[in-house]
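Reproduced below: final28.cif, with mmCIF, C-alpha atoms.
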data_start
#
loop_
_atom_site.label_atom_id
_atom_site.label_comp_id
_atom_site.auth_asym_id
_atom_site.auth_seq_id
_atom_site.Cartn_x
_atom_site.Cartn_y
_atom_site.Cartn_z
CA GLY W 1 71.01 75.80 54.53
CA LEU W 2 69.28 74.38 57.58
CA PHE W 3 65.99 74.43 55.69
CA VAL W 4 67.45 72.59 52.73
CA TRP W 5 69.07 70.05 55.00
CA HIS W 6 65.70 69.50 56.75
CA LEU W 7 63.92 68.83 53.46
CA LYS W 8 66.52 66.37 52.35
CA SER W 9 66.44 64.47 55.58
CA THR W 10 62.65 64.29 55.60
CA GLY W 11 62.58 63.24 51.90
CA ILE W 12 65.09 60.48 52.43
CA ARG W 13 63.04 59.22 55.34
CA GLN W 14 59.77 59.23 53.36
CA ILE W 15 61.17 57.44 50.30
CA PRO W 16 60.40 53.92 51.64
CA CYS W 17 56.87 54.94 52.57
CA GLN W 18 56.23 56.52 49.18
CA PHE W 19 57.55 53.43 47.41
CA VAL W 20 55.18 51.19 49.35
CA HIS W 21 52.25 53.50 48.59
CA LEU W 22 53.17 53.57 44.92
CA CYS W 23 53.20 49.75 44.78
CA ARG W 24 49.78 49.59 46.38
CA VAL W 25 48.36 52.08 43.89
CA ALA W 26 49.93 50.14 41.01
CA ASN W 27 48.36 46.91 42.22
CA ASP W 28 44.95 48.57 42.47
CA ARG W 29 45.22 50.07 38.97
CA LEU W 30 46.88 47.04 37.33
CA ILE W 31 45.46 46.38 33.80
CA THR W 32 44.57 42.70 33.75
CA PHE W 33 43.74 40.56 30.63
CA GLN W 34 40.01 40.60 31.35
CA TYR W 35 40.07 44.38 31.78
CA PHE W 36 41.93 44.70 28.49
CA ASN W 37 39.24 42.63 26.67
CA PHE W 38 36.53 44.75 28.24
CA LEU W 39 38.19 47.92 27.00
CA LYS W 40 38.57 46.37 23.57
CA ARG W 41 34.87 45.49 23.37
CA MET W 42 33.90 48.95 24.53
CA TYR W 43 36.12 50.48 21.89
CA VAL W 44 34.65 48.27 19.16
CA THR W 45 31.04 48.97 20.09
CA GLN W 46 31.49 52.72 20.55
CA TYR W 47 33.91 53.78 17.80
CA ASN W 48 33.46 51.06 15.19
CA LYS W 49 29.79 50.14 14.97
CA ASP W 50 30.17 48.36 11.63
CA LEU W 51 32.18 45.63 13.31
CA SER W 52 29.71 45.11 16.14
CA GLN W 53 28.00 41.74 16.49
CA ARG W 54 24.59 41.65 14.85
CA ALA W 55 21.76 39.43 16.01
CA LYS W 56 20.12 37.06 13.53
CA PRO W 57 16.66 38.05 12.32
CA LYS W 58 13.99 36.15 14.18
CA SER W 59 11.84 33.68 12.28
CA ASP W 60 8.15 34.21 11.74
CA SER W 61 7.25 31.57 14.31
CA VAL W 62 9.10 33.46 17.07
CA ALA W 63 7.87 36.90 16.08
CA SER W 64 5.96 38.92 18.64
CA PRO W 65 2.18 38.56 18.58
CA PHE W 66 1.76 42.29 18.03
CA ARG W 67 3.74 42.17 14.80
CA GLU W 68 1.83 39.08 13.64
CA LEU W 69 -1.45 40.85 14.22
CA GLN W 70 -0.20 43.86 12.31
CA GLN W 71 0.90 41.63 9.38
CA LEU W 72 -2.43 39.79 9.34
CA ASP W 73 -4.28 43.08 9.32
CA GLN W 74 -2.20 44.27 6.40
CA GLU W 75 -2.79 41.02 4.48
CA LYS W 76 -6.51 41.21 5.13
CA LYS W 77 -6.54 44.77 3.93
CA VAL W 78 -4.80 43.70 0.74
CA ILE W 79 -6.98 40.63 0.18
CA HIS W 80 -10.31 42.19 1.03
CA LYS W 81 -10.05 45.03 -1.44
CA ILE W 82 -13.46 45.29 -3.10
CA ARG W 83 -13.76 46.80 -6.50
CA PRO W 84 -15.93 49.92 -6.75
CA ILE W 85 -19.40 49.04 -7.88
CA SER W 86 -20.73 50.97 -10.79
CA PRO W 87 -24.20 52.48 -10.48
CA VAL W 88 -25.48 50.09 -13.14
CA HIS W 89 -24.82 47.09 -10.83
CA GLN W 90 -26.11 48.64 -7.64
CA PRO W 91 -29.46 46.77 -7.50
CA LEU W 92 -27.70 43.37 -7.27
CA SER W 93 -29.00 41.01 -4.61
CA GLU W 94 -27.16 40.12 -1.44
CA THR W 95 -26.37 36.67 -2.77
CA SER W 96 -23.87 38.12 -5.26
CA SER W 97 -22.03 39.97 -2.50
CA ARG W 98 -21.98 36.79 -0.42
CA ASN W 99 -20.56 34.88 -3.35
CA GLU W 100 -17.84 37.49 -3.76
CA LEU W 101 -16.98 37.23 -0.09
CA ARG W 102 -16.82 33.44 -0.38
CA GLU W 103 -14.50 33.72 -3.37
CA ILE W 104 -12.29 36.15 -1.45
CA LYS W 105 -12.18 33.82 1.55
CA SER W 106 -11.42 30.81 -0.66
CA ALA W 107 -8.61 32.78 -2.30
CA ALA W 108 -7.23 33.69 1.12
CA GLU W 109 -7.43 30.06 2.22
CA THR W 110 -5.64 28.86 -0.88
CA GLU W 111 -2.92 31.45 -0.37
CA ASP W 112 -2.55 30.45 3.27
CA SER W 113 -2.42 26.77 2.41
CA GLY W 114 -0.08 27.25 -0.51
CA PRO W 115 3.33 26.56 1.05
CA PRO W 116 2.44 23.25 2.79
CA VAL W 117 0.92 21.87 -0.44
CA ARG W 118 4.13 22.66 -2.28
CA ALA W 119 6.14 21.05 0.49
CA GLU W 120 4.05 17.87 0.24
CA SER W 121 4.48 17.74 -3.51
CA LYS W 122 8.25 18.00 -3.09
CA GLU W 123 8.20 15.18 -0.57
CA ASP W 124 6.12 13.03 -2.89
CA ARG W 125 8.60 13.56 -5.69
CA GLN W 126 11.47 12.34 -3.58
CA TRP W 127 12.44 8.68 -3.76
CA LYS W 128 11.50 6.72 -0.68
CA GLU W 129 12.63 3.25 0.29
CA MET W 130 9.74 0.79 0.31
CA LYS W 131 9.94 -1.74 3.12
CA LEU W 132 7.85 -4.88 3.02
CA ARG W 133 5.99 -5.65 6.23
CA LEU W 134 4.47 -9.00 7.03
CA ASP W 135 1.17 -7.34 7.96
CA ASP W 136 0.90 -5.79 4.48
CA LEU W 137 1.89 -8.94 2.60
CA PRO W 138 -1.61 -10.54 2.37
CA GLY W 139 -3.11 -7.37 0.90
CA ILE W 140 -0.23 -7.00 -1.55
CA LEU W 141 -0.57 -10.60 -2.72
CA ALA W 142 -4.34 -10.17 -3.03
CA ARG W 143 -3.83 -7.18 -5.35
CA LEU W 144 -1.10 -9.03 -7.22
CA SER W 145 -3.45 -11.94 -7.92
CA LYS W 146 -6.43 -9.63 -8.75
CA ILE W 147 -8.58 -11.16 -6.08
CA LYS W 148 -11.87 -9.77 -7.48
CA LEU W 149 -11.23 -11.23 -10.92
CA THR W 150 -10.20 -14.52 -9.31
CA ALA W 151 -13.46 -14.58 -7.36
CA LEU W 152 -15.40 -14.10 -10.61
CA VAL W 153 -13.48 -16.96 -12.25
CA VAL W 154 -14.17 -19.30 -9.32
CA SER W 155 -17.87 -18.38 -9.30
CA THR W 156 -18.27 -19.14 -13.00
CA ALA W 157 -16.46 -22.46 -12.54
CA SER W 158 -18.80 -23.25 -9.65
CA ALA W 159 -21.79 -22.46 -11.87
CA GLY W 160 -20.51 -24.91 -14.48
CA PHE W 161 -20.10 -27.58 -11.80
CA ALA W 162 -23.62 -26.95 -10.48
CA MET W 163 -25.17 -27.13 -13.97
CA ALA W 164 -23.65 -30.54 -14.71
CA PRO W 165 -26.27 -33.35 -14.92
CA VAL W 166 -24.65 -35.48 -12.19
CA PRO W 167 -25.11 -35.79 -8.41
CA PHE W 168 -23.36 -33.09 -6.43
CA ASP W 169 -20.01 -34.16 -4.93
CA LEU W 170 -18.82 -31.72 -2.25
CA THR W 171 -15.21 -32.95 -2.14
CA CYS W 172 -14.79 -32.72 -5.89
CA PHE W 173 -16.45 -29.29 -5.88
CA LEU W 174 -14.05 -27.92 -3.25
CA LEU W 175 -10.98 -29.33 -4.99
CA ALA W 176 -12.10 -27.94 -8.35
CA SER W 177 -12.82 -24.49 -6.89
CA LEU W 178 -9.51 -24.35 -5.04
CA GLY W 179 -7.50 -25.52 -8.04
CA THR W 180 -9.25 -23.04 -10.36
CA GLY W 181 -8.63 -20.18 -7.91
CA LEU W 182 -4.93 -21.02 -7.59
CA ALA W 183 -4.54 -21.23 -11.36
CA SER W 184 -6.23 -17.83 -11.74
CA CYS W 185 -3.93 -16.28 -9.11
CA ALA W 186 -0.89 -17.61 -10.94
CA ALA W 187 -2.04 -16.30 -14.32
CA ASN W 188 -2.86 -12.83 -12.96
CA SER W 189 0.50 -12.57 -11.15
CA ILE W 190 2.46 -13.46 -14.28
CA ASN W 191 0.36 -10.99 -16.27
CA GLN W 192 1.30 -8.15 -13.88
CA PHE W 193 4.95 -9.22 -13.97
CA PHE W 194 5.06 -8.80 -17.76
CA GLU W 195 3.15 -5.50 -17.86
CA VAL W 196 5.04 -3.43 -15.26
CA PRO W 197 6.50 -0.83 -17.71
CA PHE W 198 3.11 -0.41 -19.41
CA ASP W 199 1.02 -0.33 -16.24
CA SER W 200 3.14 2.54 -14.92
CA ASN W 201 1.77 4.80 -17.69
CA MET W 202 -1.89 4.16 -16.87
CA ASN W 203 -3.86 5.79 -14.08
CA ARG W 204 -5.89 2.63 -13.53
CA THR W 205 -2.86 0.40 -12.97
CA LYS W 206 -0.13 2.72 -11.68
CA ASN W 207 -0.79 1.68 -8.06
CA ARG W 208 -0.25 -2.02 -8.60
CA PRO W 209 2.27 -3.64 -6.21
CA LEU W 210 4.98 -4.29 -8.80
CA VAL W 211 4.68 -0.81 -10.28
CA ARG W 212 5.02 0.86 -6.87
CA GLY W 213 7.84 -1.44 -5.82
CA GLN W 214 5.95 -2.91 -2.87
CA ILE W 215 7.06 -6.39 -3.89
CA SER W 216 10.05 -7.60 -5.86
CA PRO W 217 9.67 -9.28 -9.27
CA LEU W 218 11.38 -12.40 -7.92
CA LEU W 219 8.85 -12.70 -5.11
CA SER W 220 5.95 -12.24 -7.54
CA VAL W 221 7.27 -15.00 -9.81
CA CYS W 222 7.76 -17.29 -6.80
CA PHE W 223 4.21 -16.56 -5.68
CA ALA W 224 2.89 -17.35 -9.18
CA ALA W 225 4.80 -20.63 -9.22
CA SER W 226 3.61 -21.56 -5.72
CA CYS W 227 0.01 -21.02 -6.87
CA GLY W 228 0.17 -22.46 -10.38
CA VAL W 229 1.94 -25.76 -9.67
CA PRO W 230 -0.29 -26.87 -6.74
CA GLY W 231 -3.39 -25.61 -8.56
CA ILE W 232 -2.76 -27.70 -11.67
CA ALA W 233 -1.74 -30.66 -9.51
CA LEU W 234 -5.02 -30.46 -7.59
CA LEU W 235 -7.07 -30.28 -10.78
CA THR W 236 -5.17 -33.15 -12.40
CA LEU W 237 -4.79 -35.55 -9.49
CA GLY W 238 -7.72 -34.57 -7.27
CA VAL W 239 -10.35 -33.99 -9.97
CA ASN W 240 -9.48 -35.43 -13.40
CA PRO W 241 -6.76 -34.96 -16.03
CA LEU W 242 -9.10 -33.18 -18.47
CA THR W 243 -9.81 -30.38 -16.00
CA GLY W 244 -6.11 -30.08 -15.20
CA ALA W 245 -5.24 -29.83 -18.88
CA LEU W 246 -7.84 -27.08 -19.35
CA GLY W 247 -6.41 -25.18 -16.38
CA ALA W 248 -2.84 -25.38 -17.69
CA PHE W 249 -3.99 -24.37 -21.18
CA ASN W 250 -5.84 -21.38 -19.74
CA ILE W 251 -2.73 -20.16 -17.88
CA PHE W 252 -0.69 -20.49 -21.07
CA LEU W 253 -3.34 -18.73 -23.15
CA TYR W 254 -3.63 -15.82 -20.72
CA THR W 255 0.07 -15.23 -20.07
CA CYS W 256 1.74 -16.18 -23.35
CA CYS W 257 -0.94 -15.25 -25.92
CA TYR W 258 -3.36 -12.68 -24.53
CA THR W 259 -0.80 -10.58 -22.61
CA PRO W 260 1.61 -9.90 -25.53
CA MET W 261 -1.25 -9.55 -28.04
CA LYS W 262 -2.63 -6.57 -26.09
CA ARG W 263 0.15 -4.44 -27.65
CA MET W 264 0.02 -6.03 -31.11
CA SER W 265 -3.53 -6.51 -32.38
CA ILE W 266 -7.18 -5.95 -31.46
CA ALA W 267 -7.61 -9.74 -31.72
CA ASN W 268 -6.51 -9.85 -28.07
CA THR W 269 -10.14 -9.17 -27.07
CA TRP W 270 -11.34 -12.39 -28.72
CA VAL W 271 -8.46 -14.37 -27.18
CA GLY W 272 -9.25 -12.90 -23.78
CA ALA W 273 -12.89 -13.88 -24.21
CA VAL W 274 -11.80 -17.50 -24.75
CA VAL W 275 -9.78 -17.29 -21.53
CA GLY W 276 -12.87 -16.14 -19.64
CA ALA W 277 -15.06 -18.83 -21.22
CA ILE W 278 -12.89 -21.77 -20.09
CA PRO W 279 -13.61 -21.69 -16.27
CA PRO W 280 -17.31 -22.78 -16.55
CA VAL W 281 -16.18 -25.51 -18.94
CA MET W 282 -13.68 -26.62 -16.29
CA GLY W 283 -16.48 -26.76 -13.73
CA TRP W 284 -18.57 -28.95 -16.04
CA THR W 285 -15.66 -31.30 -16.81
CA ALA W 286 -14.79 -31.50 -13.12
CA ALA W 287 -18.28 -32.85 -12.38
CA THR W 288 -18.77 -35.08 -15.43
CA GLY W 289 -15.26 -35.86 -16.64
CA SER W 290 -16.28 -35.22 -20.24
CA LEU W 291 -16.67 -32.29 -22.62
CA ASP W 292 -20.38 -32.25 -23.51
CA ALA W 293 -22.64 -29.83 -25.32
CA GLY W 294 -23.71 -28.28 -22.02
CA ALA W 295 -20.10 -27.29 -21.28
CA LEU W 296 -19.80 -25.62 -24.68
CA LEU W 297 -23.09 -23.76 -24.13
CA LEU W 298 -21.90 -22.38 -20.77
CA GLY W 299 -18.61 -21.38 -22.35
CA GLY W 300 -20.50 -19.67 -25.19
CA ILE W 301 -22.60 -17.65 -22.73
CA LEU W 302 -19.48 -16.46 -20.89
CA TYR W 303 -17.76 -15.78 -24.21
CA SER W 304 -20.54 -13.51 -25.46
CA TRP W 305 -21.05 -11.79 -22.11
CA GLN W 306 -17.46 -10.57 -22.00
CA PHE W 307 -17.76 -8.37 -25.11
CA PRO W 308 -20.37 -5.92 -23.77
CA HIS W 309 -18.66 -6.05 -20.39
CA PHE W 310 -15.12 -5.34 -21.57
CA ASN W 311 -15.92 -3.10 -24.52
CA ALA W 312 -18.01 -0.83 -22.32
CA LEU W 313 -15.21 -0.77 -19.73
CA SER W 314 -12.48 -0.03 -22.27
CA TRP W 315 -14.53 2.81 -23.81
CA GLY W 316 -14.06 4.92 -20.68
CA LEU W 317 -10.36 3.99 -20.47
CA ARG W 318 -9.32 4.87 -24.01
CA GLU W 319 -6.86 7.55 -22.87
CA ASP W 320 -5.25 5.17 -20.41
CA TYR W 321 -4.93 2.39 -22.96
CA SER W 322 -3.40 4.73 -25.52
CA ARG W 323 -0.83 5.98 -22.97
CA GLY W 324 0.00 2.41 -22.01
CA GLY W 325 0.51 1.37 -25.63
CA TYR W 326 -2.29 -1.20 -25.71
CA CYS W 327 -4.02 -1.95 -28.99
CA MET W 328 -7.71 -2.04 -28.08
CA MET W 329 -10.82 -1.83 -30.22
CA SER W 330 -12.03 1.22 -28.33
CA VAL W 331 -8.82 3.07 -29.28
CA THR W 332 -8.12 1.99 -32.85
CA HIS W 333 -11.59 0.83 -34.03
CA PRO W 334 -14.28 2.60 -31.96
CA GLY W 335 -17.08 1.76 -34.40
CA LEU W 336 -16.21 -1.94 -34.37
CA CYS W 337 -16.05 -1.84 -30.58
CA ARG W 338 -19.67 -0.70 -30.34
CA ARG W 339 -20.93 -3.07 -33.05
CA VAL W 340 -19.32 -6.11 -31.45
CA ALA W 341 -20.80 -5.24 -28.06
CA LEU W 342 -24.31 -5.00 -29.55
CA ARG W 343 -23.93 -8.25 -31.52
CA HIS W 344 -23.01 -10.28 -28.46
CA CYS W 345 -25.79 -8.72 -26.41
CA LEU W 346 -28.20 -10.14 -28.99
CA ALA W 347 -26.26 -13.42 -29.04
CA LEU W 348 -27.10 -13.92 -25.36
CA ILE W 349 -30.79 -14.16 -26.31
CA GLY W 350 -30.05 -16.86 -28.86
CA LEU W 351 -27.81 -18.86 -26.51
CA SER W 352 -30.47 -18.78 -23.81
CA THR W 353 -32.95 -20.21 -26.32
CA VAL W 354 -30.55 -23.05 -27.24
CA ALA W 355 -30.30 -24.29 -23.63
CA PRO W 356 -33.64 -26.18 -23.56
CA VAL W 357 -32.96 -27.52 -27.04
CA LEU W 358 -29.80 -29.20 -25.72
CA ASP W 359 -31.84 -30.61 -22.82
CA ILE W 360 -29.92 -28.59 -20.20
CA THR W 361 -32.77 -26.44 -18.89
CA THR W 362 -36.53 -26.33 -19.21
CA TRP W 363 -38.33 -24.02 -21.63
CA THR W 364 -39.06 -21.61 -18.83
CA PHE W 365 -35.42 -20.46 -18.86
CA PRO W 366 -35.60 -18.56 -22.20
CA VAL W 367 -38.86 -16.94 -21.09
CA ILE W 368 -37.61 -15.83 -17.66
CA SER W 369 -34.21 -14.69 -18.94
CA LEU W 370 -35.72 -12.74 -21.85
CA PRO W 371 -36.34 -9.50 -19.88
CA ILE W 372 -32.77 -9.17 -18.59
CA ASN W 373 -31.37 -10.15 -22.00
CA LEU W 374 -33.56 -7.57 -23.70
CA TYR W 375 -32.49 -4.91 -21.20
CA ILE W 376 -28.77 -5.47 -21.76
CA SER W 377 -29.44 -5.51 -25.50
CA TYR W 378 -31.21 -2.17 -25.18
CA LEU W 379 -28.23 -0.70 -23.32
CA GLY W 380 -25.94 -2.17 -25.98
CA PHE W 381 -27.99 -0.44 -28.66
CA ARG W 382 -27.78 2.87 -26.78
CA PHE W 383 -24.03 2.43 -26.50
CA TYR W 384 -23.86 1.76 -30.24
CA ARG W 385 -25.99 4.79 -31.04
CA ASP W 386 -24.74 7.40 -28.56
CA ALA W 387 -21.08 6.34 -28.24
CA ASP W 388 -20.49 8.34 -25.05
CA ARG W 389 -19.25 7.65 -21.55
CA SER W 390 -22.71 7.67 -20.01
CA SER W 391 -24.06 4.86 -22.19
CA SER W 392 -20.87 2.82 -21.81
CA ARG W 393 -20.99 3.18 -18.04
CA LYS W 394 -24.60 2.02 -17.89
CA LEU W 395 -23.83 -1.00 -20.06
CA PHE W 396 -20.82 -1.90 -17.91
CA PHE W 397 -22.73 -1.74 -14.61
CA CYS W 398 -25.59 -3.71 -16.12
CA SER W 399 -23.17 -6.48 -17.13
CA LEU W 400 -22.02 -6.78 -13.51
CA TRP W 401 -25.42 -7.95 -12.28
CA HIS W 402 -26.60 -9.51 -15.54
CA LEU W 403 -24.25 -12.50 -15.46
CA PRO W 404 -24.97 -13.71 -11.90
CA MET W 405 -28.69 -13.17 -12.49
CA LEU W 406 -28.59 -15.17 -15.72
CA LEU W 407 -26.63 -18.04 -14.15
CA LEU W 408 -28.99 -18.11 -11.17
CA VAL W 409 -32.06 -18.30 -13.42
CA MET W 410 -30.34 -20.99 -15.45
CA PHE W 411 -29.66 -23.03 -12.32
CA THR W 412 -33.26 -22.74 -11.10
CA CYS W 413 -34.54 -23.90 -14.50
CA LYS W 414 -32.08 -26.80 -14.70
CA LYS W 415 -33.56 -30.16 -15.60
CA SER W 416 -33.49 -32.60 -12.73
CA LEU W 417 -31.90 -36.03 -12.94
CA LEU W 418 -35.26 -37.73 -12.41
CA GLU W 419 -36.71 -36.13 -15.52
CA LYS W 420 -33.72 -37.20 -17.59
CA GLU W 421 -33.82 -40.74 -16.19
CA ASP W 422 -37.54 -41.00 -16.91
CA LYS W 423 -37.00 -39.71 -20.40
CA GLY W 424 -34.20 -42.21 -20.91
CA ASP W 425 -36.37 -45.03 -19.63
CA LEU W 426 -39.19 -43.99 -21.95
CA LEU W 427 -36.83 -43.95 -24.90
CA GLY W 428 -35.46 -47.33 -23.88
CA GLY W 429 -39.00 -48.73 -23.46
CA ASN W 430 -40.15 -47.48 -26.83
CA HIS W 431 -37.07 -48.96 -28.42
CA GLY W 432 -37.80 -52.32 -26.72
CA ARG W 433 -41.40 -52.25 -27.90
CA ALA W 434 -40.26 -51.51 -31.42
CA MET W 435 -37.92 -54.50 -31.20
CA GLU W 436 -40.76 -56.65 -29.90
CA ILE W 437 -43.03 -55.56 -32.76
CA THR W 438 -40.42 -56.30 -35.36
CA LEU W 439 -39.69 -59.74 -33.95
CA PRO W 440 -41.87 -62.54 -35.40
#
When written as structure tokens, how does the structure in this file appear?
Amino acid sequence: GLFVWHLKSTGIRQIPCQFVHLCRVANDRLITFQYFNFLKRMYVTQYNKDLSQRAKPKSDSVASPFRELQQLDQEKKVIHKIRPISPVHQPLSETSSRNELREIKSAAETEDSGPPVRAESKEDRQWKEMKLRLDDLPGILARLSKIKLTALVVSTASAGFAMAPVPFDLTCFLLASLGTGLASCAANSINQFFEVPFDSNMNRTKNRPLVRGQISPLLSVCFAASCGVPGIALLTLGVNPLTGALGAFNIFLYTCCYTPMKRMSIANTWVGAVVGAIPPVMGWTAATGSLDAGALLLGGILYSWQFPHFNALSWGLREDYSRGGYCMMSVTHPGLCRRVALRHCLALIGLSTVAPVLDITTWTFPVISLPINLYISYLGFRFYRDADRSSSRKLFFCSLWHLPMLLLVMFTCKKSLLEKEDKGDLLGGNHGRAMEITLP
């Protein structure tokens, strides 16, 4: 009994100490929220691997260099497989093996460069907003006005002014050249405005400013008006009304007759030749103020020159013209296209012979111009006989230097004013003597 009483007394005394110890142990082993999440993650990763977080596969650019080297080695092994050579082809030279290696390398390069090319093609197909910059505006307007064709028009008008049998007037020459150039810019701009849906189907014209959307149609029409109105005003008020009327008529003929006829009839070529023949006539009328036989002769030379020039050019562009819907001789009447080119090459010889008859040049002009006229006629005959791209290209490039050479020779052989005045005085003197003889 004493032993039991001793245990009870000691147990009652130790109860407070045991309670405090139990609280301390509980605090040390308390399961907190962070510890619970840690246990949860451990449970998920150990007993349920399907629900574990998986890392994303690394891209090729971040792949280790060892793996890249292994992949390149595998690709090279696949690409550089060489077919077994049969004993019949064993004595081939080393050049054939080098060619095969080059082909294999080119194939590898094309395969390596395949994806970026496709990416570029996709980007090109996407629509992009075209923004007009002031720095690009002069170049866009130059292409809108066909600056090279305008330069040719101004040069032919200058040749007509220089061939006129009057003293040279620099102010009148500058005004006539400027007015002719502005009128040509206006006509070319209106022509491109009307032909946007057709130019988009042709490789030669698909990069024009209006087709690509580099300039708005309203701005192109405003540019044409700002060139055409001052140009005709300069020719009419600064030169003479006849030259201004010819300039306005040429704009009308080019925009309202030639442009729509290109999709209707092959007669557009003859109408276009008239348009190209008017500028030298304008130069002559600007200097003299009258429409003489010399002006008609210069217009006839330009008229005939345009047929070998344009027919040879259109022969190499038959596919483009057919896609664009243009009715050209080279597309619908190829035989007539070649015959007309040859005829007008021969006509240049006859027109050069008429010049001294009309008292415009001396008789040395037909002799000096005969070699270049015979050469372009020979190329026209080859174009008529062969009817291929090579002959048409040669005829076209010959026409580019033939016209300036012919006009230069014509200017050097021009009759001076002194000769004409002396001839006029002689005719007047003979007439006076005849009157004196008849008088009693």
Tell me which protein, DNA and RNA residues are within 8 Å of stretch 168-174 of chain W, counting all atoms listed in the file, leaving out same-chain ones fewer than 2 positions away, and put them as JSON, numbers by chain.
-> {"W": [158, 161, 162, 166, 176, 177, 178, 238, 239, 286, 287]}
Using only C-alpha atoms, which of W:Cys222, W:Leu313, W:Ile266, W:Ala157 sits nearest W:Leu246?
-> W:Ala157
Hits from the PyMOL selection byres ((chain W and resi 231) around 12), listed as a PyMOL selection string = chain W and resi 175-187+224-230+232-239+243-248+251
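Closest approach to W:Met410 from the set W:Gly276, W:Pro138, W:Gly316, W:Pro356 is made by W:Pro356, with distances taken over only C-alpha atoms.
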Could you please determine the separation between atom CA of W:Lys262 and atom CA of W:Gln306 in Å, to one decimal place?
->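 We find that atom CA of W:Lys262 and atom CA of W:Gln306 lie 15.9 Å from each other.
Taking atom CA of W:Thr412 and atom CA of W:Phe397 as the two end points, the separation is 23.8 Å.
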Report the residues retrieved by the PyMOL selection byres ((chain W and resi 290-295) around 9) from the displayed file, expressed as a list in words.
-> Gly160, Met163, Ala164, Leu242, Pro280, Val281, Met282, Gly283, Trp284, Thr285, Ala286, Ala287, Thr288, Gly289, Leu296, Leu297, Leu298, Gly299, Gly300, Ala355, Leu358, Asp359 and Ile360 of chain W
Interatomic distance between atom CA of W:Phe194 and atom CA of W:Thr150?
-> 18.4 Å
Neighbour list for W:Ala267 as a list in words, cut-off 12 Å, all atoms listed in the file, skip fewer than 2 positions in-chain = Cys257, Tyr258, Thr259, Pro260, Met261, Lys262, Arg263, Met264, Ser265, Thr269, Trp270, Val271, Gly272, Ala273, Val274, Tyr326, Cys327, Met328, Met329, Thr332, His333, Leu336 and Cys337 of chain W
W:Ser330, W:Ser390, W:Ser189, W:Ser369 ranked by distance to W:Arg208, top pick (using only C-alpha atoms) | W:Ser189
Rank nothing, just name the residue among W:Leu302, W:Cys345, W:Thr353, W:Gly324 nearest to W:Ser200, using all atoms listed in the file.
->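 Answer, going by the shortest atom-to-atom distance: W:Gly324.
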Proximity to W:Leu137 - best of W:Ser399, W:Ser391, W:Asn203, W:Ser216, only C-alpha atoms | W:Ser216
